[in-house]
Amino acid sequence: MSREVLLVLGAALFGIGVYGALSQQSFVMIMMGLELMVNGAIVAAVTLWSRAAAHSPKGQLLAVVFMTVMAVEAAIGFALVTNVFRIRRADITEKLKALRG
Amino acid sequence: MNGMTVSDLIPELALLVGSVAVLISALFLPRRLQPMNAALALLTVVIAVVAAVALPASLKSGFQGGAMHPWQHLSFSGTYAIDSFAIAAKFIVLGVTALVIALSVDWFRSDPRQGEYYALLLMSALGAITLAGAADMMEMVLAMLLSSATGYVLVAFHRKSRRSAEAAIKYYLLGALTNGAMLYGVALFFGLSGTTVFSDMAAPLRLAGALPLVAAWSLVVVGLAFKIGAVPAHAWLPDVADGAPAPVAAFVTVAPKVGALIVLARFVSVLPEDGAGWRVVIAAVAALTMTLGNIAALWQDDIRRLLGWSAVSQTGYALMAIVALGRSSLALPALVYFLAAYALGNVGAFAVVVALRGLAKRERYAGLARSHPWLAAALTICFLSFVGIPPLAGFAGKLTLFGATIDAGYTWLAVLAVLNSVLSLAYYARFLGPIYFDEAPEQSGASMDRTAAGVAIVSAAALVGLGLGADIVFNALANSVLLR
Amino acid sequence: MITLTLFLPLLGALLLVVLPLRGERPLRVTAGLVALAPLVLLMVVWSRFKGTGTFEQVESAPWIPTLGASYVTGVDGLSLALAAMTALLFFAAIIYPVDLRGRPKAYFALFLFLETASLGVFLSLDLLLFYVFWDLSLVGMYFLIGVWGHGDAARRSALKFFLYTLAGSLVMLLGVLSLYLSTAPHTFDMRHLIATRPLDGTGLAATLTFSGFALAFAIKAPLVPFHTWLPPAHVDAPAPASTILAGVLLKMGTYGFVRILLQMMPQTFSRLALPVAILALVSVVYGALVALAQQNVKRRIAYTSVNHMGYAILGIAAAAAILPGLGGGFTQTRSLALTGATVEMVAHGLITGALFLMTGSLWRRTGTYEISELGGLARRAPIFTGLAAVAAFASLGLPGLAGFVAEFQIFVGGFPVYPWLIALSLLGLIITAALFLNLLQRVFLGPLPERWQHFRDLDRVEIASLSMLIAFVVVIGVAPGWLLAVIDSFARPLVTR
Amino acid sequence: MRVALFWMLAVASIVSGWRVFRTDSMVRAAYWLMASFMAVGIIMVQLDAEFLGLVLILMMAGEMTIMAVFMVMFMMNPAGLNPMMMVHQHRASIAAGVLAFVGLAGVGTFARFPEPTVRASGQVTAQLGHELLGDSMLVFETAGVTLLATMIGALAIAGAKGRFGSADEGSQEPGETT
Amino acid sequence: MRIPSEGSALAMLALPLLPLLGAGTLLFLRGKRSVLPTIALAALLLTLASAVWTALSLPVSEWAWGPILGGRLAVAGLGRMMVILVPVIAAPVVLYASWSNRRDSGFARLLALLLAFVGAMELLVIADDFLALLVGWELVGACSWALIGYEWTDSARPRAALDAFLTTGAGDLGLYIAAAAAFAGTGSFRFDTLSQLHGTTAAIVAGGLLLAAAAKSAQLPFSPWLFRAMLGPTAASALLHSATMVAAGAYALARLAPIIPVSWLSPSIAALGLATALAGGIVAALQTDLKKALAASTSAQYGLMFVAVGVGVPAAAGMHLATHAAFKALLFLGAGIALHATGTLELSSLRLGRALPLTAITFAIGALALAGVPPLGGAYSKEQIVAAASQTGSFFTAGVAAAGFLSALYAGRLALLAFGPDPNRGKVRPPNGAVTASVLLLAGVTLVSSVLWFPGVAASVAELMGGRLAIGEGWAAGASLVAIAAAGIACWLLWRRGDLVDFGLSPSVRLPVAEWLGIPLVADMLVKRPVLTLARTLAIMDDRIIDAGVRGAARIAGYVSRLFGHSLEQLVDAGVNSLSTATRLVAEASRMADDRGVDATIEGAARGVGAVGTQSRRLQTGLAHQYYLIVAIGTVLLIAIASLEIVATHR
């Protein structure tokens, strides 16, 4: 469980997340991609705490902060997706292009 | 110096308490009296401003050092900076918040949930202020989150507005993506330095290799670029300016930007000067941002989108100060002054839109100079300030920004900014043309929101006053040091 | 005193907006009275003027001390002459009748605002202040052209004017910053910059700064090939605005050449004087030739501005040149060239100002500027014809009128420095003569077309306004001593330094 | 044993992460995502961050359940189980994902990070607590405020009913005529 | 004889000012026609009085415009004669005009202009420095413009005035250069410093002066402008050809040529003068319009004066200038009477001898003087020129004699054809008293000039002018007289044969010669048309090209925004298929370039409002996933720039 392997794992999750966020049409699926990105970041944070800076408890806190971010974004995201679906019947990005130019 | 002095946070606490108070009052006030929440929110802002004014004074007694500004210090174990720039940002954000509250009274009058609106607005302001003071990676992330999460909701606040919902979701999607990227960057920084506190990071970072450093700061910069509306994460700005409730648009195009630019300054000053390449990248981002913003604004026929794009271009100018950071003593005062001018101009211009009940189409502005001469004058002053026509505040802002940029050895960027200023005149004048040169098509139905008109005029007057009295700002910021 | 001069018009503008005056007449009278005030005050300033070769009657106050910018005003021979001309021209233009499109209040307020801006450019002794007024003049002029201009083209012309000259002024801003950053401690004070000349010489920074300024001023003056904003702006502007545009705003360019380039960067200028002079020569000949081909009265007059400003800059360049072979010599002639250039600024302001006012009268009566549609107007309007003839002859450089005094000094003063350029520039004289006499002939002489049978001669206000300007043209042409003494007081020390 | 478990979990997290975007229905995608998080949670436990790992697992379990229900309730296919494959700009997305992975994996592999001076010990959770209420109290407070704001905000948008009847009522631009 | 005093200096100032003041008064009182002639004549008489006083007192006075500009006014040398001559000739001319033009609507203007003409000429005469000379010089030119265009309702006349003004104006540039060079060489404009000049500067002064004088005095190749000037009223022509305008050139040369130390100046003047004298003589002989023929003769006579100056006897030139002024004014008034009487100036249809006997006699006196028949003063001054020429050798003598032959020929021809007896001529409108008086006055002056033949008179006149006369070779005088006699005989023979009008030449030969040897055509082709074409071309270029550069910049900005919008959209859509995108972009760009580039006159800015505007907005597609792609691409770019920078700085 070397640092390198763990960081590659984090990078992989992040990369998949990026792919998902960019490729998915559905808002909910995009959000899943975003969560995966954060997941990767959490892996990286915990890894770097454990394998590079274990002396500092801030590493753990960092992971907590990341989880907070994830939770907040998910909550707000759901609310917004509900909202836009309610008003616009839109569930994919392609349906929202009234604002452009 | 590392004490957890709660008194350092009085303005922030005031906002928090005020926000909760608004929520509670919203629960109990009858619908008829809901607009009272605006007054309460305004009161909160006033208290926060007073607290921010009193802060240095109250701190002075505690620190009797020989330094120029003895009250400036890092608080909460180095995670929070109390310095001139944080306080200046507080003033700007609070001022903007106050003006936006005034804009909102009529705009949200019919909305039964206005209590939540004001509470969220105060929270959002709190986020922006905290962002400006953040001297720690985690604090920065959370402050951004606070500012963003409230911002998304504020943008979506019109439940019956299709555009509002669309703007909010785009705002959110872009924010979440860049935020995700930033989180990874923050994790890397923690790994490289073993800490998240800015003041402790600088030394270990000097030992870090270029590869991880570039990756880390690039990801963080992308996150901050979203907040300030810079390329490549600028795309939300015009859409939000267009779709959001106009007072909210005024707020979210300004307040988070102020906080984020200050924290960006703090952040880059942590980076090693050599071997990180950040200065060139920021310069490139500045160049792209201002040019893109101006070109895209060129043919806008919708004033709200126009303001959105112009907000993009103004970000580009502001970034010039970051480029000059550390190389010109003028950079930070210029940034603060420019932000103040920009905030007033943007709020003033949106106030005109609010006063006209959201009127956005260019052709509908024909003959405004005759039907609403004062509004037309206010809009003109705001626009001309954006262009940088003296003696309006925008001029002194650009002047010092250009000066700092030249001083820092980035003359090409200053030249590009000049070209962009000329370009920007084209689209502002394209709007001013019908206002002054055309006759009004017919009686426009909507009545005028007098409060908003007042805000527009006050902003315009403040632009003139700030322009003439620029010394107040520059003198106050002279010799100030950015804490990190 | 100077501060009062400067801000009275602005105050008047605010007053006009606030006062419950209605209708054109009372507004015009009030505005005229307000515009008279700076003229009178400047006469007082003139009477107190000692001609010491430095700035006199300086008034100052801190403005942005942290940045080294202050409010400083004062006069020397150059600024006094130009400011007085400006005040006179504004008075004449403000009282001049023109179609106000039912917005008299805004018109007069804007005009007075523009007067403050214009006076400010000439009277301020702080670069930043100078820039402030410079840009404000653009704003005022933009609205004047846009709102009260002729037809749909006016808006486009106004925008073109604004964009083009703003580009110039922003380039100048970079130059201003460059000068500012070269001082220690940083200051915008012109007196300091003139005394210490921190960025003088042949280095890259100095050359670039010079080029930036020169470009800005060349756009403003304008020199070929930076002049294309001028014809449409002139044609579409209301006549009094054209008058101010040609009479005052163009002078800002030539003023900048002297005040900033010649006084603050003389060595750089002496190295680059030849290219500037060549550009000026091209403007002289080209402007005259293109004017000759114009079939629109206003366009034709507009292009002669290119020609005349070319003379002025030719004179300035000759004064700036210190050729290696000449040593410090030719001081007398170089001083003459500079004096001539300054007189040219004043003379062109008065003459072309008068000519443009006349085009306003023409437009009011006929609604056209096309030369081919006019003719024979002398039969119905002898006074108009007479005044136009005097102005035209003054513009083509007839002795006894102001233009000659200016151009002759430029020729004589410039000749030892640039004999060939001066000789070639004389061609401009003959072409200008051709185009003005042709203009007179085709507009006023010959048979009167049927449609202008009821053409009215000038009314009293028009006559008063025009004859005021023409009177000064004649006085300067016949007895220019009082003016030359004032101008010489700054020109001679400048070139002998 | 630990290592083998780790490798299994690592592969599981990646594969299930990948499956999120390669599945027929959103509900399944949600559960794949949860699986990925769970694997990561266990890995965190392995890395001595037991508390964090458990928190993550619990949080994600709850969240993903909500997400699945939510999708069934609100979104277009009520069953939430119909086959679907909705992607756009696919190749560009792949390129971006690969680039992100290669870049960050490169950083993780080749960059020099400081070596830990101490090994994370059993008191990590206590340390976290001290940090939260000590040096990073402000961070903790900010997080709290943010969560509060999120609750207010999410309710304000998502709640269909306000105190005075429908929340939609009157919530529009003054100039709009709906 | 010199009595300098304050008063005489004032009198000198009055020389230009009195007539100018009079002109102003005339314009002011333009409604009261009856008093106008009185005022004009009074002003002239006062001027004459001042002139006499100053000619006797020889005042000198410094003047200054400013600290550097200034000079000196003086009545000296040739000027002593000139100051008197101008009002003396002008008075009869004004008298003539005050009657013959009394019904004109511009009557006051005419008289005022004539007075101003006199004033300007007086200023020119008293100038003792280049600046004052230039002022007078230009004012004279402007007055002549106004006088030629006097009857402005006929648009041909202002046009002719413009031509005349421009032709002389082209020469005036020489005076500008001369003044500038003189100042550069001596630091002053004053004539008394000219002798210090040397080298190139002196040559420039000389060349400029010669150019200016040649143009003013209608020498080759500027001569044709005098023909155009004929469209002015008779009074204007009379004054312009005699004592003012045209005289200025010869006067300035006579005054300055001797003191400018340039060796080639005198021969050039002489050669130019001789050429003009001969060419002008031929033109005058072949011209069939009475006034034009007189105009050509003016060129020829001034050519003779140039010869005199050139051979170093300016006094002879001055004398001839004076006598010529009198008889030429006389002849022009006679021509005016003929025109008034018959409405034409065609020589073939005049012959008014019987109808207007008094006029015929006066015209004959003038013609005889022009022909150089003794004992008239004109003959004396011309003989002096012959004498002067004979000093330099036979070449110039022969030339002058030939010119004399031509003068006599055309003088006789004009007199016979215009006022010869014609039995078929009926009644014509007679001139009235004032006109007759003016003609008689001038005839009187012409006759009085005969006193020059008295021994000693001429020498003292020459001395008065500050020069002396040449002592000619006897054979030269003889040759000259023989030439005149031959011309008289030839004239008579042709008259008898009836070939005097056209010498039996066909119009195709005669007309081009009579119209100044085709010079106007050549000038039109070589100067006027090219300049106008150039002007038009430049004007078009100015609109299309230079401004197009600016508009182009605006348009490029439009393109960029458009391309940017396009490219992003394409990029986003195509993803990694960048090759096809690039191809499409190039195609799109070239299409737009083709669409727009051709029509360069259209403002790119305005056009953009429609098409480019919508295009540039595509930048913002409105699609969130494409915003994502922008972020991704942007992040990669950021890192790429940073990496490049690091690599660059570390190298």
# chains A, B, ... in the order shown; residues from 1 in each chain; ligands from 1
>>> closest_atom_pairs(of="chain A", to="chain B", cutoff="7 Å", atoms="only C-alpha atoms", output="Markdown table")
| residue | atom | partner | partner_atom | distance |
| --- | --- | --- | --- | --- |
| A:Leu34 | CA | B:Leu177 | CA | 6.2 |
| A:Met37 | CA | B:Gly180 | CA | 6.0 |
| A:Val38 | CA | B:Gly180 | CA | 5.5 |
| A:Ala41 | CA | B:Tyr184 | CA | 4.6 |
| A:Ala44 | CA | B:Ala187 | CA | 6.2 |
| A:Ala45 | CA | B:Ala187 | CA | 4.7 |
| A:Leu48 | CA | B:Gly191 | CA | 4.8 |
| A:Trp49 | CA | B:Gly191 | CA | 6.7 |
| A:Ala52 | CA | B:Gly191 | CA | 6.0 |
| A:Ala53 | CA | B:Gly194 | CA | 5.0 |
| A:Ser56 | CA | B:Gly194 | CA | 6.6 |
| A:Lys58 | CA | B:Thr195 | CA | 6.6 |
| A:Leu62 | CA | B:Met138 | CA | 6.7 |
| A:Val65 | CA | B:Met138 | CA | 6.9 |
| A:Val69 | CA | B:Leu145 | CA | 6.9 |
| A:Glu73 | CA | B:Ala176 | CA | 6.9 |
| A:Ile76 | CA | B:Ala149 | CA | 6.8 |
| A:Leu80 | CA | B:Ile169 | CA | 6.1 |
| A:Asn83 | CA | B:Ala165 | CA | 6.7 |
| A:Val84 | CA | B:Ala165 | CA | 5.3 |
| A:Ile87 | CA | B:Arg162 | CA | 6.1 |
| A:Arg88 | CA | B:Arg162 | CA | 6.3 |
| A:Leu96 | CA | B:Glu166 | CA | 6.2 |
| A:Leu99 | CA | B:Asp239 | CA | 5.5 |
| A:Arg100 | CA | B:Asp239 | CA | 6.5 |
>>> write_last_selection(atoms="N, CA, C and O atoms", output="CSV table (one decimal), in the first residue's frame")
chain,number,residue,atom,x,y,z
A,34,LEU,N,-19.2,14.0,-10.3
A,34,LEU,CA,-18.6,15.0,-9.4
A,34,LEU,C,-18.3,14.4,-8.1
A,34,LEU,O,-17.2,14.6,-7.5
A,37,MET,N,-15.2,12.5,-8.3
A,37,MET,CA,-14.0,13.3,-8.3
A,37,MET,C,-13.6,13.6,-6.8
A,37,MET,O,-12.4,13.6,-6.4
A,38,VAL,N,-14.6,14.0,-6.1
A,38,VAL,CA,-14.3,14.3,-4.7
A,38,VAL,C,-13.8,13.1,-4.0
A,38,VAL,O,-12.9,13.1,-3.1
A,41,ALA,N,-10.4,12.9,-4.5
A,41,ALA,CA,-9.7,13.9,-3.7
A,41,ALA,C,-9.5,13.4,-2.3
A,41,ALA,O,-8.5,13.6,-1.6
A,44,ALA,N,-6.8,11.0,-2.0
A,44,ALA,CA,-5.5,11.6,-2.1
A,44,ALA,C,-5.2,12.3,-0.7
A,44,ALA,O,-4.1,12.2,-0.2
A,45,ALA,N,-6.3,12.9,-0.1
A,45,ALA,CA,-6.0,13.6,1.1
A,45,ALA,C,-5.6,12.7,2.2
A,45,ALA,O,-4.7,12.9,2.9
A,48,LEU,N,-2.1,11.3,1.6
A,48,LEU,CA,-1.1,12.2,1.9
A,48,LEU,C,-0.9,12.5,3.4
A,48,LEU,O,0.1,12.8,3.9
A,49,TRP,N,-2.0,12.4,4.1
A,49,TRP,CA,-1.9,12.5,5.5
A,49,TRP,C,-1.2,11.3,6.1
A,49,TRP,O,-0.2,11.4,6.7
A,52,ALA,N,2.5,10.9,4.1
A,52,ALA,CA,3.4,12.0,3.9
A,52,ALA,C,3.4,13.0,5.1
A,52,ALA,O,4.5,13.5,5.5
A,53,ALA,N,2.3,13.2,5.8
A,53,ALA,CA,2.3,14.2,6.8
A,53,ALA,C,1.4,13.7,8.0
A,53,ALA,O,0.5,14.4,8.4
A,56,SER,N,0.5,15.7,11.2
A,56,SER,CA,-0.5,16.8,11.2
A,56,SER,C,-1.9,16.2,11.2
A,56,SER,O,-2.3,15.6,10.3
A,58,LYS,N,-4.3,17.9,10.6
A,58,LYS,CA,-5.1,18.6,9.6
A,58,LYS,C,-5.5,17.7,8.4
A,58,LYS,O,-6.4,18.0,7.6
A,62,LEU,N,-8.9,17.6,6.7
A,62,LEU,CA,-9.1,17.9,5.3
A,62,LEU,C,-10.2,16.9,4.7
A,62,LEU,O,-11.0,17.4,4.0
A,65,VAL,N,-13.5,18.0,5.7
A,65,VAL,CA,-13.9,19.1,5.0
A,65,VAL,C,-14.4,18.7,3.6
A,65,VAL,O,-15.4,19.1,3.1
A,69,VAL,N,-18.0,19.2,1.9
A,69,VAL,CA,-18.2,19.8,0.6
A,69,VAL,C,-19.1,18.8,-0.3
A,69,VAL,O,-20.1,19.3,-0.9
A,73,GLU,N,-22.7,19.9,-1.6
A,73,GLU,CA,-23.0,20.0,-3.0
A,73,GLU,C,-24.1,19.0,-3.4
A,73,GLU,O,-24.9,19.3,-4.3
A,76,ILE,N,-27.5,20.6,-2.2
A,76,ILE,CA,-27.9,21.8,-3.1
A,76,ILE,C,-28.2,21.3,-4.5
A,76,ILE,O,-29.1,21.7,-5.1
A,80,LEU,N,-31.5,21.8,-6.6
A,80,LEU,CA,-31.6,22.5,-7.9
A,80,LEU,C,-32.1,21.7,-9.0
A,80,LEU,O,-32.9,22.1,-9.8
A,83,ASN,N,-35.7,21.4,-8.7
A,83,ASN,CA,-36.3,22.7,-9.1
A,83,ASN,C,-36.4,22.9,-10.6
A,83,ASN,O,-37.4,23.2,-11.2
A,84,VAL,N,-35.3,22.6,-11.3
A,84,VAL,CA,-35.3,22.8,-12.7
A,84,VAL,C,-36.1,21.8,-13.4
A,84,VAL,O,-36.8,22.0,-14.4
A,87,ILE,N,-39.8,23.0,-13.0
A,87,ILE,CA,-40.1,24.2,-13.9
A,87,ILE,C,-40.0,23.9,-15.3
A,87,ILE,O,-40.8,24.2,-16.1
A,88,ARG,N,-38.9,23.2,-15.7
A,88,ARG,CA,-38.6,23.1,-17.1
A,88,ARG,C,-38.8,21.7,-17.6
A,88,ARG,O,-38.6,21.4,-18.8
A,96,LEU,N,-31.4,22.7,-21.4
A,96,LEU,CA,-31.3,24.0,-20.9
A,96,LEU,C,-30.4,24.8,-21.7
A,96,LEU,O,-29.2,24.8,-21.6
A,99,LEU,N,-30.5,30.3,-21.9
A,99,LEU,CA,-29.5,31.3,-21.6
A,99,LEU,C,-28.2,31.0,-22.4
A,99,LEU,O,-27.5,30.0,-22.1
A,100,ARG,N,-27.9,31.8,-23.4
A,100,ARG,CA,-26.7,31.6,-24.1
A,100,ARG,C,-26.4,32.8,-24.9
A,100,ARG,O,-27.2,33.8,-25.0
>>> select_by_dssp(residues="stretch 103-294 of chain B", states="alpha helix (DSSP H)", output="MDAnalysis selection string")
chainID B and resid 103:107 114:133 137:155 162:193 198:207 210:228 236:243 246:252 255:270 278:294
>>> closest_atom_pairs(of="chain C", to="chain B", cutoff="8 Å", atoms="only C-alpha atoms", output="Markdown table")
| residue | atom | partner | partner_atom | distance |
| --- | --- | --- | --- | --- |
| C:Trp63 | CA | B:Asp471 | CA | 6.9 |
| C:Ile64 | CA | B:Asp471 | CA | 4.4 |
| C:Pro65 | CA | B:Asp471 | CA | 6.6 |
| C:Thr66 | CA | B:Asn475 | CA | 5.6 |
| C:Leu67 | CA | B:Phe474 | CA | 7.6 |
| C:Tyr131 | CA | B:Pro390 | CA | 7.7 |
| C:Val132 | CA | B:Pro390 | CA | 4.9 |
| C:Phe133 | CA | B:Pro390 | CA | 7.7 |
| C:Asp135 | CA | B:Ile389 | CA | 6.2 |
| C:Leu136 | CA | B:Pro390 | CA | 6.8 |
| C:Phe143 | CA | B:Tyr436 | CA | 7.9 |
| C:Gly146 | CA | B:Phe437 | CA | 6.1 |
| C:Val147 | CA | B:Phe437 | CA | 4.9 |
| C:Arg155 | CA | B:Gly433 | CA | 6.9 |
| C:Leu159 | CA | B:Ala429 | CA | 7.0 |
| C:Leu163 | CA | B:Val422 | CA | 6.1 |
| C:Leu166 | CA | B:Val422 | CA | 6.5 |
| C:Ala167 | CA | B:Val422 | CA | 5.6 |
| C:Leu170 | CA | B:Val418 | CA | 6.0 |
| C:Val171 | CA | B:Val418 | CA | 7.0 |
| C:Leu173 | CA | B:Leu399 | CA | 7.7 |
| C:Leu174 | CA | B:Phe402 | CA | 7.5 |
| C:Leu177 | CA | B:Gly403 | CA | 5.8 |
| C:Ser178 | CA | B:Ile406 | CA | 7.7 |
| C:Leu181 | CA | B:Asp407 | CA | 7.2 |
>>> closest_residue(among="E:Tyr628, E:Ile633, E:Lys427, E:Ala642", to="chain A", atoms="only C-alpha atoms")
E:Tyr628
>>> residues_around(residues="D:Val3", least_positions_apart="2", cutoff="12 Å", atoms="only C-alpha atoms", output="ChimeraX atom specification")
/A:1-2,5-6 /D:1,5-10,43,46-47
>>> write_last_selection(atoms="N, CA and C atoms", output="compact mmCIF listing (two decimals), in the first residue's frame")
# COMPACT_ATOMS: atom_id res chain seq x y z
N MET A 1 0.85 -1.20 0.00
CA MET A 1 0.00 0.00 0.00
C MET A 1 0.88 1.25 0.00
N SER A 2 1.70 1.32 -0.99
CA SER A 2 2.60 2.48 -1.04
C SER A 2 1.81 3.74 -1.37
N VAL A 5 0.83 3.99 -5.11
CA VAL A 5 -0.33 3.20 -5.53
C VAL A 5 -1.62 3.89 -5.09
N LEU A 6 -1.59 4.36 -3.86
CA LEU A 6 -2.80 5.01 -3.35
C LEU A 6 -3.13 6.27 -4.16
N MET D 1 -2.13 -10.11 3.63
CA MET D 1 -3.58 -10.09 3.82
C MET D 1 -4.15 -8.68 3.65
N LEU D 5 -6.22 -7.39 0.55
CA LEU D 5 -7.51 -6.74 0.74
C LEU D 5 -7.51 -5.36 0.08
N PHE D 6 -6.39 -4.68 0.34
CA PHE D 6 -6.31 -3.34 -0.25
C PHE D 6 -6.46 -3.40 -1.77
N TRP D 7 -5.70 -4.32 -2.39
CA TRP D 7 -5.77 -4.40 -3.84
C TRP D 7 -7.16 -4.73 -4.31
N MET D 8 -7.80 -5.64 -3.60
CA MET D 8 -9.18 -5.97 -3.96
C MET D 8 -10.07 -4.74 -3.88
N LEU D 9 -9.95 -4.04 -2.75
CA LEU D 9 -10.80 -2.85 -2.56
C LEU D 9 -10.49 -1.79 -3.61
N ALA D 10 -9.21 -1.63 -3.87
CA ALA D 10 -8.83 -0.61 -4.85
C ALA D 10 -9.45 -0.93 -6.20
N ILE D 43 -10.76 1.33 2.63
CA ILE D 43 -9.34 1.65 2.44
C ILE D 43 -8.90 2.70 3.45
N GLN D 46 -8.24 1.17 6.58
CA GLN D 46 -6.92 0.54 6.51
C GLN D 46 -5.80 1.53 6.74
N LEU D 47 -6.03 2.76 6.31
CA LEU D 47 -5.00 3.79 6.46
C LEU D 47 -5.08 4.46 7.83
>>> residues_around(residues="E:Thr533", least_positions_apart="5", cutoff="12 Å", atoms="only C-alpha atoms", output="list of chain:residue names")
C:Leu289, C:Val290, C:Leu292, C:Ala293, E:Asp524, E:Met525, E:Leu526, E:Val527, E:Lys528, E:Leu538, E:Ala539, E:Ile540, E:Met541
>>> write_last_selection(atoms="N, CA, C and O atoms", output="tab-separated table (two decimals), in the first residue's frame")
chain	number	residue	atom	x	y	z
C	289	LEU	N	-4.73	68.31	-50.65
C	289	LEU	CA	-5.17	67.67	-51.89
C	289	LEU	C	-6.52	66.98	-51.71
C	289	LEU	O	-7.42	67.11	-52.55
C	290	VAL	N	-6.65	66.25	-50.63
C	290	VAL	CA	-7.91	65.53	-50.42
C	290	VAL	C	-9.04	66.53	-50.21
C	290	VAL	O	-10.15	66.33	-50.68
C	292	LEU	N	-9.25	69.35	-51.55
C	292	LEU	CA	-9.57	69.92	-52.87
C	292	LEU	C	-10.59	69.05	-53.59
C	292	LEU	O	-11.43	69.56	-54.34
C	293	ALA	N	-10.54	67.76	-53.38
C	293	ALA	CA	-11.43	66.87	-54.11
C	293	ALA	C	-12.79	66.71	-53.44
C	293	ALA	O	-13.67	66.08	-54.00
E	524	ASP	N	-2.65	73.21	-68.35
E	524	ASP	CA	-3.82	72.43	-67.97
E	524	ASP	C	-3.49	70.95	-67.91
E	524	ASP	O	-3.86	70.25	-66.98
E	525	MET	N	-2.75	70.53	-68.94
E	525	MET	CA	-2.44	69.12	-69.02
E	525	MET	C	-1.40	68.67	-68.01
E	525	MET	O	-1.47	67.58	-67.47
E	526	LEU	N	-0.42	69.56	-67.81
E	526	LEU	CA	0.71	69.15	-66.96
E	526	LEU	C	0.49	69.47	-65.49
E	526	LEU	O	1.09	68.85	-64.63
E	527	VAL	N	-0.31	70.46	-65.21
E	527	VAL	CA	-0.45	70.87	-63.81
E	527	VAL	C	-1.86	70.65	-63.29
E	527	VAL	O	-2.10	69.86	-62.38
E	528	LYS	N	-2.80	71.34	-63.90
E	528	LYS	CA	-4.13	71.40	-63.29
E	528	LYS	C	-4.78	70.02	-63.23
E	528	LYS	O	-5.21	69.55	-62.19
E	538	LEU	N	-6.62	60.61	-54.26
E	538	LEU	CA	-6.29	60.56	-52.84
E	538	LEU	C	-7.55	60.56	-51.99
E	538	LEU	O	-7.63	59.87	-50.98
E	539	ALA	N	-8.52	61.35	-52.43
E	539	ALA	CA	-9.75	61.42	-51.63
E	539	ALA	C	-10.43	60.07	-51.60
E	539	ALA	O	-10.90	59.62	-50.56
E	540	ILE	N	-10.45	59.42	-52.76
E	540	ILE	CA	-11.07	58.10	-52.79
E	540	ILE	C	-10.28	57.14	-51.93
E	540	ILE	O	-10.82	56.39	-51.12
E	541	MET	N	-8.96	57.24	-52.10
E	541	MET	CA	-8.09	56.37	-51.31
E	541	MET	C	-8.32	56.62	-49.83
E	541	MET	O	-8.37	55.69	-49.02
>>> interface_residues(of="chain A", to="chain E", cutoff="10 Å", atoms="only C-alpha atoms", output="NGL selection string")
:A and (18 or 21-25 or 27 or 30 or 92-101)
>>> closest_atom_pairs(of="chain D", to="chain B", cutoff="6 Å", atoms="only C-alpha atoms", output="Markdown table")
| residue | atom | partner | partner_atom | distance |
| --- | --- | --- | --- | --- |
| D:Val107 | CA | B:Pro212 | CA | 5.5 |
| D:Ala111 | CA | B:Pro212 | CA | 5.8 |
| D:Phe113 | CA | B:Leu192 | CA | 5.5 |
| D:Asp135 | CA | B:Ser77 | CA | 5.4 |
| D:Val139 | CA | B:Glu139 | CA | 5.2 |
| D:Thr146 | CA | B:Leu146 | CA | 4.9 |
| D:Gly153 | CA | B:Val153 | CA | 5.6 |
| D:Asp168 | CA | B:Arg159 | CA | 5.3 |
| D:Gly170 | CA | B:Asp111 | CA | 4.9 |
| D:Ser171 | CA | B:Asp111 | CA | 4.7 |
| D:Gln172 | CA | B:His158 | CA | 4.9 |
| D:Pro174 | CA | B:Arg357 | CA | 5.7 |
| D:Gly175 | CA | B:Arg357 | CA | 4.9 |
